[in-house]
file entry.cif (mmCIF, C-alpha atoms)
data_target
#
loop_
_atom_site.label_atom_id
_atom_site.label_comp_id
_atom_site.auth_asym_id
_atom_site.auth_seq_id
_atom_site.Cartn_x
_atom_site.Cartn_y
_atom_site.Cartn_z
CA MET R 8 50.93 82.66 74.04
CA THR R 9 48.06 80.27 74.79
CA SER R 10 45.80 80.65 77.82
CA ARG R 11 47.44 77.59 79.40
CA GLY R 12 50.87 79.12 78.86
CA GLN R 13 49.74 82.41 80.40
CA TRP R 14 48.33 80.54 83.40
CA ARG R 15 51.64 78.77 83.98
CA LEU R 16 53.54 82.03 83.62
CA HIS R 17 51.31 83.73 86.20
CA VAL R 18 51.80 80.85 88.64
CA ILE R 19 55.58 81.12 88.29
CA LEU R 20 55.45 84.90 88.77
CA ILE R 21 53.22 84.56 91.86
CA ILE R 22 55.63 82.05 93.40
CA ALA R 23 58.59 84.33 92.63
CA VAL R 24 56.83 87.33 94.20
CA ALA R 25 55.96 85.27 97.29
CA LEU R 26 59.60 84.21 97.72
CA MET R 27 60.61 87.88 97.76
CA VAL R 28 57.71 89.32 99.78
CA VAL R 29 57.31 86.66 102.49
CA PRO R 30 60.74 87.25 104.12
CA PHE R 31 60.09 91.00 104.14
CA GLY R 32 56.67 90.46 105.73
CA TRP R 33 58.21 88.13 108.31
CA GLU R 34 60.78 90.83 109.12
CA ILE R 35 58.01 93.39 109.73
CA LEU R 36 55.99 91.05 111.94
CA THR R 37 59.06 89.98 113.94
CA SER R 38 59.98 93.60 114.65
CA PHE R 39 56.70 93.96 116.59
CA LYS R 40 57.11 90.76 118.63
CA THR R 41 58.70 90.22 122.00
CA SER R 42 61.85 88.14 122.46
CA ASN R 43 59.80 85.36 124.04
CA GLU R 44 57.49 85.18 121.04
CA VAL R 45 60.42 84.98 118.65
CA ALA R 46 61.90 82.07 120.61
CA SER R 47 58.60 80.23 121.05
CA LEU R 48 57.98 76.80 119.52
CA PRO R 49 56.05 76.35 117.35
CA PRO R 50 56.79 79.83 115.91
CA THR R 51 53.97 82.34 115.84
CA LEU R 52 53.17 84.28 112.69
CA PHE R 53 51.46 87.34 114.14
CA PRO R 54 52.48 89.03 117.42
CA SER R 55 49.91 88.40 120.15
CA GLU R 56 50.49 91.86 121.62
CA PRO R 57 52.28 94.10 119.08
CA THR R 58 54.95 96.24 120.67
CA ALA R 59 57.39 98.88 119.41
CA GLN R 60 60.01 97.91 121.99
CA GLY R 61 62.28 96.58 119.24
CA TYR R 62 62.39 99.99 117.58
CA ARG R 63 62.99 101.77 120.89
CA SER R 64 65.81 99.37 121.73
CA PHE R 65 67.39 99.84 118.32
CA PHE R 66 67.58 103.62 118.67
CA GLU R 67 68.84 103.27 122.25
CA VAL R 68 71.72 100.89 121.55
CA THR R 69 72.69 102.17 118.08
CA PRO R 70 73.98 105.67 117.23
CA PHE R 71 71.60 105.64 114.27
CA TRP R 72 71.91 109.24 113.08
CA ALA R 73 75.72 109.25 113.20
CA GLN R 74 75.92 105.99 111.26
CA PHE R 75 73.17 107.15 108.89
CA LEU R 76 75.24 110.25 108.10
CA VAL R 77 78.34 108.14 107.40
CA SER R 78 76.37 105.79 105.12
CA SER R 79 74.71 108.71 103.32
CA ILE R 80 77.98 110.57 102.65
CA SER R 81 79.63 107.36 101.45
CA LEU R 82 76.65 106.61 99.19
CA VAL R 83 76.62 110.10 97.64
CA LEU R 84 80.37 110.02 96.98
CA ARG R 85 80.24 106.53 95.54
CA VAL R 86 77.17 107.03 93.34
CA THR R 87 78.26 110.42 92.02
CA GLY R 88 81.81 109.28 91.34
CA GLN R 89 80.87 105.96 89.75
CA VAL R 90 78.20 107.44 87.46
CA PHE R 91 80.55 110.16 86.25
CA VAL R 92 83.60 107.93 85.76
CA ALA R 93 81.55 105.14 84.14
CA ALA R 94 79.89 107.65 81.82
CA LEU R 95 83.27 109.01 80.68
CA ALA R 96 84.72 105.53 80.18
CA GLY R 97 81.58 104.18 78.53
CA TYR R 98 81.47 107.08 76.07
CA ALA R 99 85.15 106.64 75.24
CA PHE R 100 84.75 102.91 74.55
CA ALA R 101 81.57 103.43 72.52
CA ARG R 102 82.35 106.54 70.48
CA LEU R 103 86.08 107.29 70.42
CA ASN R 104 88.72 105.51 68.38
CA PHE R 105 92.05 105.15 70.16
CA PRO R 106 94.85 102.57 70.06
CA GLY R 107 94.18 99.47 72.16
CA ARG R 108 90.50 100.22 72.71
CA LYS R 109 89.28 96.66 72.12
CA ILE R 110 92.06 95.12 74.22
CA LEU R 111 91.44 97.53 77.09
CA PHE R 112 87.70 96.89 76.99
CA ALA R 113 88.33 93.14 77.00
CA LEU R 114 90.39 93.60 80.17
CA PHE R 115 87.46 95.48 81.70
CA MET R 116 85.18 92.55 80.88
CA LEU R 117 87.64 90.13 82.47
CA MET R 118 87.32 92.08 85.71
CA LEU R 119 83.63 91.13 85.80
CA MET R 120 84.65 87.47 86.00
CA VAL R 121 86.93 87.97 89.00
CA PRO R 122 85.37 87.88 92.51
CA SER R 123 85.53 91.31 94.08
CA GLN R 124 87.00 89.82 97.27
CA LEU R 125 90.28 89.24 95.41
CA PHE R 126 90.75 93.01 95.13
CA LEU R 127 90.38 93.67 98.86
CA LEU R 128 94.04 93.30 99.75
CA GLY R 129 95.21 95.62 96.97
CA GLN R 130 92.50 98.17 97.80
CA PHE R 131 93.44 98.06 101.47
CA ASP R 132 97.13 98.65 100.67
CA LEU R 133 96.13 101.55 98.41
CA MET R 134 93.98 103.20 101.09
CA LYS R 135 96.76 102.66 103.64
CA GLY R 136 99.32 104.20 101.31
CA LEU R 137 97.09 107.24 100.80
CA GLY R 138 96.59 107.60 104.55
CA LEU R 139 92.81 107.20 104.26
CA LEU R 140 92.22 104.29 106.61
CA ASP R 141 89.50 104.96 109.18
CA THR R 142 88.04 107.75 107.07
CA VAL R 143 84.76 108.07 105.17
CA PRO R 144 86.44 108.55 101.74
CA ALA R 145 88.01 105.12 102.12
CA LEU R 146 84.49 103.63 102.09
CA ALA R 147 83.64 105.21 98.74
CA ILE R 148 86.79 105.56 96.63
CA PRO R 149 87.22 101.87 95.57
CA GLY R 150 83.57 101.73 94.52
CA ILE R 151 83.89 104.70 92.19
CA PHE R 152 85.59 102.54 89.54
CA SER R 153 83.22 99.90 88.15
CA ALA R 154 83.68 97.62 85.15
CA PHE R 155 79.97 96.80 85.23
CA GLY R 156 78.98 100.48 85.16
CA THR R 157 81.37 101.13 82.28
CA PHE R 158 79.90 98.21 80.32
CA LEU R 159 76.32 99.34 81.03
CA LEU R 160 76.89 102.90 79.84
CA ARG R 161 78.95 101.78 76.85
CA GLN R 162 75.94 99.81 75.69
CA ALA R 163 73.71 102.84 76.22
CA PHE R 164 75.96 105.12 74.15
CA LEU R 165 76.21 102.51 71.37
CA THR R 166 72.45 102.63 70.83
CA MET R 167 72.33 106.41 70.30
CA PRO R 168 72.07 107.74 66.71
CA LYS R 169 75.31 109.13 65.32
CA GLU R 170 73.46 112.04 63.74
CA TYR R 171 73.24 113.90 67.07
CA GLU R 172 76.97 113.61 67.57
CA GLU R 173 77.71 114.68 64.00
CA ALA R 174 75.40 117.71 64.32
CA ALA R 175 77.22 118.80 67.48
CA ARG R 176 80.58 118.50 65.74
CA LEU R 177 79.31 120.59 62.83
CA ASP R 178 78.29 123.28 65.32
CA GLY R 179 81.87 123.40 66.57
CA ALA R 180 81.50 121.35 69.76
CA GLY R 181 84.57 119.48 70.93
CA THR R 182 84.66 115.93 72.23
CA PHE R 183 83.90 116.77 75.85
CA ARG R 184 81.24 119.34 74.95
CA THR R 185 79.53 116.78 72.71
CA PHE R 186 79.64 114.22 75.50
CA TRP R 187 78.44 116.60 78.22
CA SER R 188 75.78 118.60 76.37
CA VAL R 189 74.42 116.13 73.81
CA MET R 190 75.14 112.48 74.61
CA LEU R 191 75.01 112.48 78.42
CA PRO R 192 71.48 113.96 78.68
CA MET R 193 70.25 111.28 76.28
CA ALA R 194 71.62 108.62 78.66
CA ARG R 195 69.69 109.84 81.71
CA PRO R 196 67.52 106.70 82.07
CA MET R 197 70.61 104.47 82.12
CA LEU R 198 72.39 106.87 84.47
CA ALA R 199 69.43 106.59 86.85
CA ALA R 200 69.49 102.79 86.60
CA LEU R 201 73.20 102.71 87.39
CA ALA R 202 72.68 105.16 90.27
CA VAL R 203 70.00 102.94 91.83
CA LEU R 204 72.11 99.78 91.48
CA THR R 205 75.18 101.51 92.90
CA ALA R 206 73.19 103.00 95.78
CA LEU R 207 71.79 99.58 96.63
CA TYR R 208 75.23 97.96 96.67
CA SER R 209 76.84 100.84 98.56
CA TRP R 210 74.16 100.98 101.26
CA ASN R 211 74.28 97.23 101.89
CA ASP R 212 78.05 96.77 101.64
CA LEU R 213 79.40 95.10 104.78
CA LEU R 214 82.74 93.43 104.06
CA TRP R 215 84.71 96.47 102.88
CA PRO R 216 83.44 98.79 105.68
CA LEU R 217 84.39 96.13 108.22
CA ILE R 218 87.97 96.39 106.96
CA VAL R 219 88.45 100.15 106.66
CA ALA R 220 85.55 101.80 108.52
CA PRO R 221 86.27 103.93 111.58
CA ALA R 222 85.35 102.43 114.92
CA GLY R 223 82.53 103.58 117.17
CA ASP R 224 79.81 105.95 116.00
CA ALA R 225 81.50 106.63 112.66
CA ARG R 226 80.75 103.20 111.24
CA PRO R 227 78.15 102.81 108.46
CA LEU R 228 74.76 101.28 109.18
CA PRO R 229 75.43 97.71 107.91
CA VAL R 230 78.35 97.42 110.36
CA GLY R 231 76.16 98.83 113.13
CA LEU R 232 73.48 96.24 112.36
CA ALA R 233 76.03 93.43 112.33
CA SER R 234 77.14 94.46 115.82
CA LEU R 235 73.62 93.72 117.11
CA GLN R 236 74.20 90.00 116.57
CA GLY R 237 75.70 88.63 119.76
CA GLN R 238 77.99 85.64 120.12
CA PHE R 239 75.66 83.84 122.53
CA GLY R 240 72.31 85.41 121.72
CA THR R 241 70.59 87.95 119.51
CA ASP R 242 67.66 90.24 120.21
CA TYR R 243 65.82 89.50 116.97
CA PRO R 244 62.99 92.06 117.39
CA THR R 245 65.62 94.79 117.75
CA LEU R 246 67.66 93.42 114.85
CA MET R 247 64.61 93.18 112.57
CA ALA R 248 63.46 96.66 113.56
CA GLY R 249 66.90 98.04 112.76
CA ALA R 250 67.03 96.22 109.41
CA LEU R 251 63.60 97.61 108.50
CA VAL R 252 64.57 101.17 109.45
CA CYS R 253 67.80 100.91 107.47
CA THR R 254 65.90 99.65 104.42
CA LEU R 255 63.54 102.63 104.22
CA PRO R 256 66.05 105.08 102.62
CA LEU R 257 66.62 102.64 99.76
CA VAL R 258 62.87 102.27 99.27
CA VAL R 259 62.58 106.05 99.00
CA VAL R 260 65.44 106.22 96.46
CA PHE R 261 63.82 103.50 94.35
CA ILE R 262 60.37 105.14 94.45
CA VAL R 263 61.85 108.47 93.30
CA LEU R 264 63.88 106.93 90.47
CA GLN R 265 61.75 103.91 89.53
CA ARG R 266 60.49 105.33 86.21
CA GLN R 267 64.01 106.19 85.03
CA PHE R 268 65.32 102.89 86.39
CA PHE R 269 62.91 100.73 84.40
CA ALA R 270 63.35 102.90 81.31
CA GLY R 271 67.11 102.53 81.57
CA ILE R 272 66.97 98.75 81.97
CA ALA R 273 64.45 98.40 79.13
CA ASN R 274 66.57 100.52 76.78
CA SER R 275 69.96 99.18 77.84
CA GLY R 276 70.54 97.94 74.31
CA LEU R 277 72.76 94.94 75.01
CA LYS R 278 74.35 94.82 71.59
CA GLY R 279 77.93 95.41 70.57
#
call {"tool": "encode", "arguments": {"input": "entry.cif", "output": "structure tokens"}}
result
Amino acid sequence: MTSRGQWRLHVILIIAVALMVVPFGWEILTSFKTSNEVASLPPTLFPSEPTAQGYRSFFEVTPFWAQFLVSSISLVLRVTGQVFVAALAGYAFARLNFPGRKILFALFMLMLMVPSQLFLLGQFDLMKGLGLLDTVPALAIPGIFSAFGTFLLRQAFLTMPKEYEEAARLDGAGTFRTFWSVMLPMARPMLAALAVLTALYSWNDLLWPLIVAPAGDARPLPVGLASLQGQFGTDYPTLMAGALVCTLPLVVVFIVLQRQFFAGIANSGLKG
């Protein structure tokens, strides 16, 4: 690439980074402003007298720890279940020969083209039939089954050398033992990538929890944040402070798993 091409690429990357960082910086600055400063015209960039009142108000009006516990349990159930189920399905589609495999996988791919909102009614009826409405498991169970996760891990298993699998079979390992002891450890970077993506979606999910989440303190954090927006007015410093506090757990998860995440994405092997 020529120096002029590199210069253009860097300009594009800088603009893209600014589009992502500027809103986050504005959120941080707003959380330290007063309500009058937020409503002032023209808008002010930096708070004239930084205050933590927004954070104090957020913890006063929101049962943070109760909702944090609900969100955390739902996230753990959803991430653990989806990674395990997607790994089993991905391995089956990639390595096992069974009747109707290609047709079934094509149906999985069709699910990626259908908006997830179309499944809400069926999922609600299922949770109601199981008697799980207004319970924490109802938040996680529909998210355990993912066509995207199955596709991602299928691609990962397709890129692995067959020699490892053949060696395990020669040593007397069965199908599940080969999957669990040989193939699954080799897919750890992709498992971490899927875990991060699933955690991000689960933590920020709002529509489904609004439908099935318990009322009161047992709601997840996104629903608690949404309740801070009033019909006739919103305390934006409190809302921004709450959004920032609720973002921190995801930042921690990403920092812990960032090496495996990037390795998994880089080695996803998008080939059939």
call {"tool": "closest_residue", "arguments": {"input": "entry.cif", "among": "R:Ser188, R:Leu160, R:Asp178, R:Leu213", "to": "Gln89 of chain R", "atoms": "all atoms listed in the file"}}
result
R:Leu160
call {"tool": "resolve_selection", "arguments": {"input": "entry.cif", "expression": "the PyMOL selection byres ((chain R and resi 53-68) around 7)", "output": "number ranges by chain"}}
result
R: 36, 38-40, 51-52, 69-71, 244-245, 248-249
call {"tool": "atom_distance", "arguments": {"input": "entry.cif", "atom1": "atom CA of Gly181 of chain R", "atom2": "atom CA of Phe112 of chain R"}}
result
23.6 Å
call {"tool": "closest_residue", "arguments": {"input": "entry.cif", "among": "R:Ile110, R:Trp215, R:Tyr208, R:Trp187", "to": "Met134 of chain R", "atoms": "only C-alpha atoms"}}
result
R:Trp215
call {"tool": "closest_residue", "arguments": {"input": "entry.cif", "among": "R:Pro192, R:Gly156, R:Gly138, R:Pro49", "to": "Leu119 of chain R", "atoms": "only C-alpha atoms"}}
result
R:Gly156
call {"tool": "resolve_selection", "arguments": {"input": "entry.cif", "expression": "the PyMOL selection byres ((chain R and resi 91-98) around 6)", "output": "mmCIF file with C-alpha atoms, in the frame of the given file"}}
result
data_model
loop_
_atom_site.group_PDB
_atom_site.id
_atom_site.type_symbol
_atom_site.label_atom_id
_atom_site.label_comp_id
_atom_site.auth_asym_id
_atom_site.auth_seq_id
_atom_site.Cartn_x
_atom_site.Cartn_y
_atom_site.Cartn_z
ATOM 1 C CA GLY R 88 81.810 109.280 91.340
ATOM 2 C CA GLN R 89 80.870 105.960 89.750
ATOM 3 C CA VAL R 90 78.200 107.440 87.460
ATOM 4 C CA ALA R 99 85.150 106.640 75.240
ATOM 5 C CA PHE R 100 84.750 102.910 74.550
ATOM 6 C CA ALA R 101 81.570 103.430 72.520
ATOM 7 C CA ARG R 102 82.350 106.540 70.480
ATOM 8 C CA GLY R 156 78.980 100.480 85.160
ATOM 9 C CA THR R 157 81.370 101.130 82.280
ATOM 10 C CA LEU R 160 76.890 102.900 79.840
ATOM 11 C CA ARG R 161 78.950 101.780 76.850
#
call {"tool": "residues_around", "arguments": {"input": "entry.cif", "residues": "Tyr243 of chain R", "least_positions_apart": "3", "cutoff": "7 Å", "atoms": "only C-alpha atoms", "output": "JSON, numbers by chain"}}
result
{"R": [42, 246, 247]}
call {"tool": "residues_around", "arguments": {"input": "entry.cif", "residues": "Val230 of chain R", "least_positions_apart": "6", "cutoff": "10 Å", "atoms": "only C-alpha atoms", "output": "MDAnalysis selection string"}}
result
chainID R and resid 74 211:217 220 222
call {"tool": "atom_distance", "arguments": {"input": "entry.cif", "atom1": "atom CA of Gln162 of chain R", "atom2": "atom CA of Thr205 of chain R"}}
result
17.3 Å
call {"tool": "resolve_selection", "arguments": {"input": "entry.cif", "expression": "the PyMOL selection byres ((chain R and resi 120-133) around 12)", "output": "MDAnalysis selection string"}}
result
chainID R and resid 113:119 134:141 145:150 152:155 212:220
call {"tool": "atom_distance", "arguments": {"input": "entry.cif", "atom1": "atom CA of Val258 of chain R", "atom2": "atom CA of Ala202 of chain R"}}
result
13.6 Å
call {"tool": "closest_residue", "arguments": {"input": "entry.cif", "among": "R:Lys109, R:Leu255, R:Leu82, R:Thr241", "to": "Ala46 of chain R", "atoms": "all atoms listed in the file"}}
result
R:Thr241
call {"tool": "closest_residue", "arguments": {"input": "entry.cif", "among": "R:Leu264, R:Ile151, R:Leu26, R:Leu111", "to": "Arg195 of chain R", "atoms": "all atoms listed in the file"}}
result
R:Leu264
